[in-house]
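> final-v3.txt (compact mmCIF, C-alpha atoms) pasted underneath:
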```
# COMPACT_ATOMS: atom_id res chain seq x y z
CA GLN A 1 -25.19 -127.40 -17.79
CA VAL A 2 -27.99 -129.76 -16.86
CA GLN A 3 -29.10 -132.56 -19.17
CA LEU A 4 -32.69 -133.83 -19.02
CA VAL A 5 -33.94 -137.21 -20.21
CA GLU A 6 -37.64 -138.02 -20.26
CA SER A 7 -39.09 -141.51 -20.12
CA GLY A 8 -42.38 -143.26 -19.46
CA GLY A 9 -44.36 -142.25 -22.52
CA GLY A 10 -46.39 -144.70 -24.53
CA LEU A 11 -49.82 -145.71 -25.72
CA VAL A 12 -52.70 -145.73 -23.23
CA GLN A 13 -56.45 -146.00 -23.49
CA ALA A 14 -58.69 -143.10 -22.58
CA GLY A 15 -59.28 -143.00 -18.85
CA GLY A 16 -55.92 -144.55 -18.10
CA SER A 17 -52.82 -143.21 -16.38
CA LEU A 18 -49.16 -142.72 -17.14
CA LYS A 19 -46.24 -141.46 -15.09
CA LEU A 20 -43.47 -139.65 -16.91
CA SER A 21 -40.00 -139.27 -15.48
CA CYS A 22 -37.39 -136.61 -16.14
CA ALA A 23 -33.93 -137.61 -15.00
CA ALA A 24 -31.44 -134.79 -14.61
CA SER A 25 -27.66 -134.93 -14.78
CA GLY A 26 -25.01 -132.23 -14.61
CA GLY A 27 -27.13 -130.31 -12.13
CA THR A 28 -29.61 -130.85 -9.34
CA VAL A 29 -33.35 -130.46 -9.83
CA SER A 30 -33.54 -128.48 -6.59
CA SER A 31 -31.48 -125.74 -8.25
CA TYR A 32 -34.01 -125.18 -11.02
CA ALA A 33 -37.59 -124.30 -11.60
CA MET A 34 -38.88 -127.39 -13.39
CA GLY A 35 -41.72 -127.72 -15.83
CA TRP A 36 -43.53 -130.02 -18.19
CA PHE A 37 -44.74 -128.87 -21.58
CA ARG A 38 -46.42 -130.68 -24.43
CA GLN A 39 -46.73 -130.21 -28.14
CA ALA A 40 -49.27 -131.82 -30.42
CA PRO A 41 -48.82 -131.89 -34.20
CA GLY A 42 -49.52 -128.50 -35.76
CA LEU A 43 -49.86 -126.79 -32.41
CA GLU A 44 -47.60 -124.64 -30.28
CA ARG A 45 -45.78 -125.99 -27.28
CA GLU A 46 -47.99 -125.46 -24.26
CA PHE A 47 -47.36 -125.31 -20.54
CA VAL A 48 -48.71 -128.25 -18.56
CA VAL A 49 -47.41 -127.97 -15.03
CA GLY A 50 -44.52 -126.29 -13.21
CA LEU A 51 -42.68 -126.58 -9.91
CA SER A 52 -40.61 -123.91 -8.21
CA ARG A 53 -36.98 -124.64 -7.32
CA GLY A 54 -37.91 -124.73 -3.63
CA GLY A 55 -40.53 -127.34 -4.36
CA GLY A 56 -43.29 -125.52 -2.52
CA LYS A 57 -45.06 -123.83 -5.42
CA ILE A 58 -46.94 -125.61 -8.20
CA ASP A 59 -48.90 -124.23 -11.11
CA VAL A 60 -51.10 -126.34 -13.36
CA ALA A 61 -52.69 -125.55 -16.70
CA ASP A 62 -56.47 -125.41 -16.60
CA SER A 63 -56.71 -128.14 -19.22
CA VAL A 64 -55.12 -130.70 -16.89
CA LYS A 65 -56.05 -129.38 -13.48
CA GLY A 66 -57.25 -132.12 -11.18
CA ARG A 67 -55.76 -134.81 -13.44
CA PHE A 68 -52.01 -134.10 -13.69
CA THR A 69 -49.53 -133.54 -10.87
CA ILE A 70 -45.82 -132.79 -10.70
CA SER A 71 -43.43 -134.07 -8.07
CA ARG A 72 -39.72 -134.58 -7.59
CA ASP A 73 -37.38 -136.95 -5.86
CA ILE A 74 -34.20 -135.09 -4.96
CA THR A 75 -32.39 -138.31 -4.01
CA LYS A 76 -32.96 -139.58 -7.55
CA ASN A 77 -32.53 -136.12 -9.11
CA THR A 78 -35.75 -136.78 -11.02
CA VAL A 79 -38.97 -134.93 -11.66
CA PHE A 80 -42.22 -136.75 -12.37
CA LEU A 81 -45.46 -136.01 -14.16
CA GLN A 82 -48.36 -138.16 -13.00
CA MET A 83 -51.16 -138.12 -15.55
CA ASN A 84 -54.57 -139.54 -14.66
CA ARG A 85 -57.87 -139.79 -16.52
CA LEU A 86 -56.12 -139.30 -19.82
CA ASN A 87 -58.13 -138.44 -22.91
CA PRO A 88 -57.23 -138.25 -26.61
CA ALA A 89 -56.71 -134.47 -26.34
CA ASP A 90 -53.69 -135.21 -24.13
CA THR A 91 -51.90 -136.87 -27.04
CA ALA A 92 -48.64 -135.00 -27.60
CA VAL A 93 -44.90 -135.08 -27.18
CA TYR A 94 -44.16 -134.20 -23.58
CA TYR A 95 -41.06 -132.22 -22.70
CA CYS A 96 -39.31 -131.64 -19.41
CA ALA A 97 -37.62 -128.28 -18.89
CA ALA A 98 -35.40 -126.58 -16.32
CA GLY A 99 -35.06 -122.90 -15.64
CA LEU A 100 -32.20 -121.48 -13.62
CA ARG A 101 -33.61 -118.92 -11.23
CA THR A 102 -32.46 -117.56 -7.89
CA ILE A 103 -36.01 -116.87 -6.74
CA ASP A 104 -38.65 -119.42 -5.86
CA VAL A 105 -41.19 -119.05 -8.65
CA VAL A 106 -43.04 -121.23 -11.11
CA LEU A 107 -42.26 -120.51 -14.76
CA ARG A 108 -45.17 -120.81 -17.18
CA HIS A 109 -43.65 -119.55 -20.41
CA PHE A 110 -41.46 -121.82 -22.50
CA GLY A 111 -39.07 -118.94 -23.17
CA SER A 112 -38.28 -118.77 -19.46
CA TYR A 113 -36.66 -122.20 -19.46
CA ASP A 114 -32.99 -122.75 -20.17
CA TYR A 115 -32.74 -126.50 -20.72
CA TRP A 116 -34.99 -129.04 -22.41
CA GLY A 117 -35.21 -132.77 -22.74
CA GLN A 118 -35.73 -134.55 -26.05
CA GLY A 119 -39.37 -135.33 -25.35
CA THR A 120 -41.41 -138.49 -24.96
CA GLN A 121 -44.50 -139.39 -26.96
CA VAL A 122 -47.80 -139.91 -25.19
CA THR A 123 -50.68 -141.27 -27.26
CA VAL A 124 -54.16 -141.71 -25.83
CA SER A 125 -56.56 -143.87 -27.80
CA SER A 126 -60.32 -143.46 -27.62
```
As a first step, turn the structure in this file into structure tokens.


Amino acid sequence: QVQLVESGGGLVQAGGSLKLSCAASGGTVSSYAMGWFRQAPGLEREFVVGLSRGGGKIDVADSVKGRFTISRDITKNTVFLQMNRLNPADTAVYYCAAGLRTIDVVLRHFGSYDYWGQGTQVTVSS
């Protein structure tokens, strides 16, 4: 069973950048489809960006397209979320997730993921 720990959240001004990390243990990130989700107060958890287990397929939510990217470092067993040109609407708790799949696909739905981190708060001030 893989454990996921997010880090890198914090307070940033609008227009700024943050890079979140998701460190995995008990399993390798290359064995899972990985994803980042976020949840703002009073709203449902929403898909942000996903990466297939093979690493060659990426899907990005329209709301962050062109601003957010996902990557991974297999040697560090870590997945990253680079967030640029942040705005107050990006304020949320960000979660890392892993889905165990034998096929190389990106998972967009939160119900498709098997393991979740505890989340890290990102706050963007105007």

> Taking (-59.8, -139.8, -12.6) in the file's coordinates as the center, which residues reach within 10 Å of it, counting all atoms listed in the file, put as JSON, numbers by chain?

{"A": [15, 16, 17, 66, 67, 68, 83, 84, 85, 86]}

> Around the point (-50.1, -145.5, -27.4) in the file's coordinates, collect all residues with an atom within 7 Å, using all atoms listed in the file, and return them as a list in words.

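Taken together, the residues in range are Gly10, Leu11, Val12, Val122, Thr123, Val124 and Ser125 of chain A.
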
> Using Å and a single decimal, report how far CA of Gln121 (chain A) sits from CA of Arg38 (chain A).

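Separation between CA of Arg38 (chain A) and CA of Gln121 (chain A): 9.3 Å.
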
> For a quick check of understanding, using only C-alpha atoms, which of A:Val49, A:Val106, A:Leu4, A:Ala98 has the smallest distance to Thr120 (chain A)?

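Ranking A:Val49, A:Val106, A:Leu4, A:Ala98 by distance to Thr120 (chain A), first place goes to A:Leu4.
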
> Would you please work out which residue, of A:Ala97, A:Leu107, A:Leu43, A:Gly119, is nearest to Val79 (chain A) when using all atoms listed in the file?

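The shortest atom-to-atom distance to Val79 (chain A) comes from A:Ala97.
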
> Which of these residues is nearest to Gly56 (chain A), using all atoms listed in the file: A:Asn77, A:Arg72, A:Thr91, A:Ser126?

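Under the stated criterion, the closest residue is A:Arg72.
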
> Could you pull the residues within 10 Å of Tyr115 (chain A), counting all atoms listed in the file, minus those fewer than 2 positions along the same chain, as a short mmCIF file (atom, residue, chain, number, x, y, z; two decimals) with C-alpha atoms, in the coordinates of the input?


```cif
data_model
loop_
_atom_site.label_atom_id
_atom_site.label_comp_id
_atom_site.auth_asym_id
_atom_site.auth_seq_id
_atom_site.Cartn_x
_atom_site.Cartn_y
_atom_site.Cartn_z
CA GLN A 1 -25.19 -127.40 -17.79
CA VAL A 2 -27.99 -129.76 -16.86
CA GLN A 3 -29.10 -132.56 -19.17
CA LEU A 4 -32.69 -133.83 -19.02
CA TYR A 32 -34.01 -125.18 -11.02
CA MET A 34 -38.88 -127.39 -13.39
CA CYS A 96 -39.31 -131.64 -19.41
CA ALA A 97 -37.62 -128.28 -18.89
CA ALA A 98 -35.40 -126.58 -16.32
CA GLY A 99 -35.06 -122.90 -15.64
CA LEU A 100 -32.20 -121.48 -13.62
CA SER A 112 -38.28 -118.77 -19.46
CA TYR A 113 -36.66 -122.20 -19.46
CA GLY A 117 -35.21 -132.77 -22.74
#
```

> Between A:Phe110, A:Phe47, A:Trp116, A:Tyr95, which is the closest to Ser21 (chain A) once you count all atoms listed in the file?

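When distances to Ser21 (chain A) are compared using all atoms listed in the file, the smallest one comes from A:Tyr95.
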
> Rank nothing, just name the residue among A:Ala14, A:Asp73, A:Val5, A:Ile58 nearest to Asp90 (chain A), using only C-alpha atoms.

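Closest residue, counting only C-alpha atoms: A:Ala14.
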
> Please determine, counting all atoms listed in the file, which residue among A:Lys76, A:Lys65, A:Arg45, A:Arg108 has the shortest atom-to-atom distance to Ser30 (chain A).

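Looking at the shortest contact to Ser30 (chain A), the residue is A:Lys76.
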
> Would you mind reading off the distance between CA of Ile74 (chain A) and CA of Gly50 (chain A), one decimal, in Å?

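Pair CA of Ile74 (chain A) / CA of Gly50 (chain A) returns 15.9 Å.
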
> As an exercise, work out the distance from CA of Thr102 (chain A) to CA of Leu81 (chain A) in Å and give it to one decimal place.

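CA of Leu81 (chain A) lies at a distance of 23.4 Å from CA of Thr102 (chain A).
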
> Draw an axis-aligned box tight on the listed atoms of region 117-120 of chain A, then pad every side by 3 Å and write out centre and edge lengths in Å to one decimal as lines of an AutoDock Vina configuration file.


```
center_x = -38.3
center_y = -135.6
center_z = -24.4
size_x = 12.2
size_y = 11.7
size_z = 9.3
```

> Mind completing region 65-92 of chain A with N, CA and C atoms? Output as a JSON list (two decimals), in the coordinates of the input, please?


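And here's part.json as it stands now:
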```json
[["chain", "number", "residue", "atom", "x", "y", "z"],
["A", 65, "LYS", "N", -55.86, -129.55, -14.92],
["A", 65, "LYS", "CA", -56.05, -129.38, -13.48],
["A", 65, "LYS", "C", -56.94, -130.48, -12.92],
["A", 66, "GLY", "N", -56.51, -131.04, -11.80],
["A", 66, "GLY", "CA", -57.25, -132.12, -11.18],
["A", 66, "GLY", "C", -56.91, -133.49, -11.75],
["A", 67, "ARG", "N", -56.13, -133.53, -12.83],
["A", 67, "ARG", "CA", -55.76, -134.81, -13.44],
["A", 67, "ARG", "C", -54.25, -135.04, -13.43],
["A", 68, "PHE", "N", -53.47, -133.99, -13.60],
["A", 68, "PHE", "CA", -52.01, -134.10, -13.69],
["A", 68, "PHE", "C", -51.37, -133.48, -12.44],
["A", 69, "THR", "N", -50.29, -134.10, -11.98],
["A", 69, "THR", "CA", -49.53, -133.54, -10.87],
["A", 69, "THR", "C", -48.04, -133.67, -11.15],
["A", 70, "ILE", "N", -47.28, -132.77, -10.57],
["A", 70, "ILE", "CA", -45.82, -132.79, -10.70],
["A", 70, "ILE", "C", -45.23, -133.07, -9.33],
["A", 71, "SER", "N", -44.14, -133.81, -9.32],
["A", 71, "SER", "CA", -43.43, -134.07, -8.07],
["A", 71, "SER", "C", -41.97, -134.27, -8.40],
["A", 72, "ARG", "N", -41.15, -134.34, -7.36],
["A", 72, "ARG", "CA", -39.72, -134.58, -7.59],
["A", 72, "ARG", "C", -39.17, -135.45, -6.48],
["A", 73, "ASP", "N", -38.13, -136.16, -6.82],
["A", 73, "ASP", "CA", -37.38, -136.95, -5.86],
["A", 73, "ASP", "C", -35.93, -136.46, -5.93],
["A", 74, "ILE", "N", -35.54, -135.68, -4.94],
["A", 74, "ILE", "CA", -34.20, -135.09, -4.96],
["A", 74, "ILE", "C", -33.13, -136.16, -4.87],
["A", 75, "THR", "N", -33.39, -137.23, -4.15],
["A", 75, "THR", "CA", -32.39, -138.31, -4.01],
["A", 75, "THR", "C", -32.12, -138.98, -5.35],
["A", 76, "LYS", "N", -33.13, -138.99, -6.22],
["A", 76, "LYS", "CA", -32.96, -139.58, -7.55],
["A", 76, "LYS", "C", -32.70, -138.50, -8.61],
["A", 77, "ASN", "N", -32.73, -137.24, -8.18],
["A", 77, "ASN", "CA", -32.53, -136.12, -9.11],
["A", 77, "ASN", "C", -33.48, -136.22, -10.31],
["A", 78, "THR", "N", -34.74, -136.51, -9.99],
["A", 78, "THR", "CA", -35.75, -136.78, -11.02],
["A", 78, "THR", "C", -37.04, -136.03, -10.71],
["A", 79, "VAL", "N", -37.67, -135.57, -11.77],
["A", 79, "VAL", "CA", -38.97, -134.93, -11.66],
["A", 79, "VAL", "C", -39.99, -135.82, -12.37],
["A", 80, "PHE", "N", -41.20, -135.86, -11.85],
["A", 80, "PHE", "CA", -42.22, -136.75, -12.37],
["A", 80, "PHE", "C", -43.46, -135.97, -12.80],
["A", 81, "LEU", "N", -44.15, -136.53, -13.76],
["A", 81, "LEU", "CA", -45.46, -136.01, -14.16],
["A", 81, "LEU", "C", -46.44, -137.18, -14.11],
["A", 82, "GLN", "N", -47.32, -137.14, -13.12],
["A", 82, "GLN", "CA", -48.36, -138.16, -13.00],
["A", 82, "GLN", "C", -49.59, -137.68, -13.75],
["A", 83, "MET", "N", -50.02, -138.49, -14.71],
["A", 83, "MET", "CA", -51.16, -138.12, -15.55],
["A", 83, "MET", "C", -52.27, -139.15, -15.35],
["A", 84, "ASN", "N", -53.41, -138.67, -14.89],
["A", 84, "ASN", "CA", -54.57, -139.54, -14.66],
["A", 84, "ASN", "C", -55.72, -139.12, -15.55],
["A", 85, "ARG", "N", -56.66, -140.03, -15.72],
["A", 85, "ARG", "CA", -57.87, -139.79, -16.52],
["A", 85, "ARG", "C", -57.51, -139.17, -17.87],
["A", 86, "LEU", "N", -56.59, -139.80, -18.52],
["A", 86, "LEU", "CA", -56.12, -139.30, -19.82],
["A", 86, "LEU", "C", -57.23, -139.37, -20.87],
["A", 87, "ASN", "N", -57.19, -138.43, -21.79],
["A", 87, "ASN", "CA", -58.13, -138.44, -22.91],
["A", 87, "ASN", "C", -57.36, -138.15, -24.20],
["A", 88, "PRO", "N", -57.96, -138.41, -25.34],
["A", 88, "PRO", "CA", -57.23, -138.25, -26.61],
["A", 88, "PRO", "C", -56.65, -136.85, -26.81],
["A", 89, "ALA", "N", -57.25, -135.83, -26.22],
["A", 89, "ALA", "CA", -56.71, -134.47, -26.34],
["A", 89, "ALA", "C", -55.37, -134.31, -25.64],
["A", 90, "ASP", "N", -54.99, -135.25, -24.82],
["A", 90, "ASP", "CA", -53.69, -135.21, -24.13],
["A", 90, "ASP", "C", -52.57, -135.79, -24.98],
["A", 91, "THR", "N", -52.91, -136.31, -26.14],
["A", 91, "THR", "CA", -51.90, -136.87, -27.04],
["A", 91, "THR", "C", -50.94, -135.78, -27.51],
["A", 92, "ALA", "N", -49.66, -136.00, -27.27],
["A", 92, "ALA", "CA", -48.64, -135.00, -27.60],
["A", 92, "ALA", "C", -47.27, -135.57, -27.28]]
```
